[in-house]
Each structure stands twice: as structure tokens, then as C-alpha cells.
Amino acid sequence: MLEYDTLLVKDIDNWGKLYSINQFLENVELKLSDNGFDRTNSRLVFSVCPDDVNRLEELDTIENALTGKYNGEFHLGGLGAYPMGGVSGLTAASHHPPDEQDDGVRKEGNLVLFVSPHMGIMDDAGSPVYGKIIRPGQEKVTSSCGAMMGFIAALKEAGSPEEFLIASDENRIDPTRVVLHNELIQNYSEDLKRILAIDDYNTQTLELFKLNHDVVANKTKEIIDAFLEKEHFEGNIAMISGITINIPERDLFLMNDFTFPKLN
């Protein structure tokens with residue numbers, strides 16, 4: 001049986017810190033509490049992939065644990081966790097937190113942004129396979145995250161970012177794919193070339209999801225900055241970012257960053 005925790009700690013090097021669900025919640029609660037955030041004055045804002053594997057009731061998932069602790073969530077994310085809701089979505093979310101009361105004076109509550117693409121790991125006869133899982137109720141192997149694994153497969157077929165053709169979407173029926181692929185190809189082509197040059201499958205896949213994280217985290221930071229310039233928001237903002245790791249029956253969380261943009 002694979003020791004997923006040991007495997008990941010070895011592979012991630014110094015990119016982030018790996019947590020179990022309980023360890024993650026303890027860390028989050030302590031740091032949020034120290035900065036004045038709690039369930040009564042805060043609302044979660046997720047930029048995560050829509051993939052249901054992150055929210056199935058029969059699995060111990062990071063997302064379910066967070067929403068259980070902090071009472072639901074507002075969603076910004078599309079495929080690959082890309083924050084498609086943008087500044088307008090964050091502005092809408094900013095009107096939803098419970099008001100904070102101090103000596104009878106009410107002010108807007110806080111936002112806790114959770115920004116996380118996800119990557120599966122499955123056990124293939126004792127060997128780990130990154131980017132793949134067997135979902136509850138299925139016997140077949142599927143990708144996790146399917147959007148990113150589909151992208152890297154298409155990129156390999158194209159041979160390079162320069163040769164990658166982003167299929168048109170004239171009727172606007174596939175917007176997340178178009179936006180995500182444009183972001184990757186236009187702004188991260190050198191990273192993609194580096195990833196394409198990696199021979200080891202698992203190493204290449206992990207590097208892909210590190211890049212996936214950077215893409216969505218950087219864009220979310222841009223959105224927060226634009227929101228704070230545009231809006232007078234009384235509450236505070238926390239941003240937690242990393243990669244959700246889907247393993248059999250439970251999640252792990254590879255945390256890369258935990259910041260408070262308004263306090264910096």
C-alpha cells in the first residue's frame with residue numbers, strides 16, 4: 001500500500017507544506033482566529049475546480065471540511081480552478097459575509113479565499129500514478145484534474161506552446177477552456193516548455209499542477225488588488241492557496257501560501 005504522505009513530501013521538495021485534513025483545519029483556524037476571522041464574521045470564497053470528487057459526501061474532502069467549519073461558500077472558479085468570476089464575482093461575494101459587531105457598531109465581515117486546483121494520485125500495483133484516480137462507484141481510471149490533464153495531452157500532441165491551437169468558441173459555450181488555455185499559452189509558455197522537457201511522467205504531472213496553482217493564484221491576487229482599488233471594503237481578506245491532493249477515500253492539502261492581502 002502506498003504511503004502517499006511520504007511520497008509527496010519527497011516529491012514536492014520545498015514548494016509547499018503537506019497537511020492532512022485535520023492538520024489543515026487546525027492551521028487555518030489558528031491563523032484566521034489570530035487575525036480576527038471566525039465563523040460568525042467570515043464567508044468562504046472558493047476558486048476551485050467544479051469536479052465533484054472534491055465534494056462527494058462519501059469522501060473526506062478538504063472542501064467539505066472547510067465549508068462545514070465556516071458555513072458554506074461562494075464560488076469564483078471554473079475548470080482548472082481558474083477564477084472566472086473575476087472582480088464582479090468577488091464584489092458580489094463581498095456583500096455576503098455576516099456583519100461584524102463591535103459595541104453595537106456593525107461593519108462588513110471578512111472574506112476567506114480558498115484557491116486550489118486538484119491533482120489525483122492512484123495506486124497501480126504498488127506504483128503511484130499522478131493525475132489519475134478511480135472515482136467512487138467506478139472501476140475505470142479517470143483524470144484528476146481532467147481539464148489540466150487534457151490540456152497537457154493536447155500540448156504534447158502539438159509539440160510546443162507555439163504550435164498549440166486554441167479551438168475557437170464563437171458561440172461562447174466553452175468559455176473557461178478558452179480563457180484558461182489563453183492564459184497558459186500567452187503568459188506561461190516558458191514554464192510549459194520546461195514541463196514538456198521533463199521525461200518522468202509523475203514529475204511532469206506534478207510540475208503541471210504546480211503551474212496550475214501559480215496561474216490561478218496569480219490571477220486571484222490580481223482580482224483582489226483590482227477589487228480593493230475599486231471597492232471600499234470594510235472587512236479583511238485572507239487567501240489560502242495550494243493543491244488539493246485526491247487520494248483514495250480522503251484528501252491531502254499541499255499548502256503553498258497563506259496571506260492577508262489587506263494587512264500586508
# chains A, B, ... in the order shown; residues from 1 in each chain; ligands from 1

$ residues_around --residues "segment 216-221 of chain A" --least-positions-apart "5" --cutoff "10 Å" --atoms "only C-alpha atoms" --output "count of residues only"
30

$ select_by_dssp --residues "segment 188-236 of chain A" --states "alpha helix (DSSP H)" --output "PyMOL selection string"
chain A and resi 189-196+201-230

$ select_by_dssp --residues "segment 76-231 of chain A" --states "strand (DSSP E)" --output "ChimeraX atom specification"
/A:100-102,105-107,110-116,118-124,127-130,132-133,142-143

$ write_last_selection --atoms "C-alpha atoms" --output "compact mmCIF listing (two decimals), in the first residue's frame"
# COMPACT_ATOMS: atom_id res chain seq x y z
CA GLU A 100 -19.16 42.03 12.47
CA GLN A 101 -20.47 43.81 15.57
CA ASP A 102 -18.29 45.83 17.93
CA VAL A 105 -21.40 49.23 15.62
CA ARG A 106 -21.80 47.00 12.59
CA LYS A 107 -19.21 46.64 9.83
CA ASN A 110 -14.42 39.12 6.22
CA LEU A 111 -13.64 37.03 3.15
CA VAL A 112 -11.58 33.82 3.25
CA LEU A 113 -10.44 32.90 -0.26
CA PHE A 114 -9.51 29.27 -0.85
CA VAL A 115 -7.68 28.89 -4.15
CA SER A 116 -6.86 25.33 -5.12
CA HIS A 118 -6.58 19.49 -7.58
CA MET A 119 -4.46 16.51 -8.57
CA GLY A 120 -5.28 12.85 -8.10
CA ILE A 121 -2.91 10.03 -7.23
CA MET A 122 -3.80 6.38 -7.72
CA ASP A 123 -2.06 3.17 -6.73
CA ASP A 124 -1.24 1.00 -9.74
CA SER A 127 3.30 2.27 -8.01
CA PRO A 128 1.94 5.84 -7.84
CA VAL A 129 0.33 7.42 -10.88
CA TYR A 130 -0.11 11.18 -10.64
CA LYS A 132 -5.28 9.75 -12.18
CA ILE A 133 -7.92 8.35 -9.82
CA THR A 142 -10.12 8.86 -14.97
CA SER A 143 -8.08 12.05 -14.84

$ residues_around --residues "Phe24 of chain A" --least-positions-apart "2" --cutoff "12 Å" --atoms "only C-alpha atoms" --output "ChimeraX atom specification"
/A:17-22,26-32,61-63,65-66,69,240-242,244,251-255,258

$ closest_residue --among "A:Ala93, A:Val9, A:Ile247, A:Gly78" --to "Leu44 of chain A" --atoms "only C-alpha atoms"
A:Ala93

$ closest_residue --among "A:Asn14, A:Leu2, A:Arg39, A:Thr259" --to "Gly68 of chain A" --atoms "only C-alpha atoms"
A:Arg39

$ atom_distance --atom1 "atom CA of Leu208 of chain A" --atom2 "atom CA of Val141 of chain A"
19.4 Å

$ closest_residue --among "A:Lys140, A:Arg172, A:Arg135, A:Lys262" --to "Asp51 of chain A" --atoms "only C-alpha atoms"
A:Arg135

$ atom_distance --atom1 "atom CA of Gly137 of chain A" --atom2 "atom CA of Glu3 of chain A"
23.3 Å

$ closest_residue --among "A:Val45, A:Arg194, A:Leu79, A:Asp13" --to "Asp174 of chain A" --atoms "only C-alpha atoms"
A:Leu79

$ residues_around --residues "segment 94-97 of chain A" --least-positions-apart "3" --cutoff "8 Å" --atoms "only C-alpha atoms" --output "mmCIF file with C-alpha atoms, in the first residue's frame"
data_model
loop_
_atom_site.group_PDB
_atom_site.id
_atom_site.type_symbol
_atom_site.label_atom_id
_atom_site.label_comp_id
_atom_site.auth_asym_id
_atom_site.auth_seq_id
_atom_site.Cartn_x
_atom_site.Cartn_y
_atom_site.Cartn_z
ATOM 1 C CA ASN A 41 -17.907 37.142 10.811
ATOM 2 C CA SER A 42 -16.468 35.499 7.696
ATOM 3 C CA ARG A 43 -17.542 33.926 4.409
ATOM 4 C CA LEU A 90 -15.540 38.928 -5.748
ATOM 5 C CA THR A 91 -17.540 42.145 -5.471
ATOM 6 C CA GLU A 108 -18.800 44.313 6.888
ATOM 7 C CA GLY A 109 -17.464 40.862 7.652
ATOM 8 C CA ASN A 110 -14.423 39.121 6.219
ATOM 9 C CA LEU A 111 -13.637 37.026 3.146
ATOM 10 C CA PHE A 233 -14.452 47.040 1.680
#

$ atom_distance --atom1 "atom CA of Asp99 of chain A" --atom2 "atom CA of Thr40 of chain A"
8.2 Å
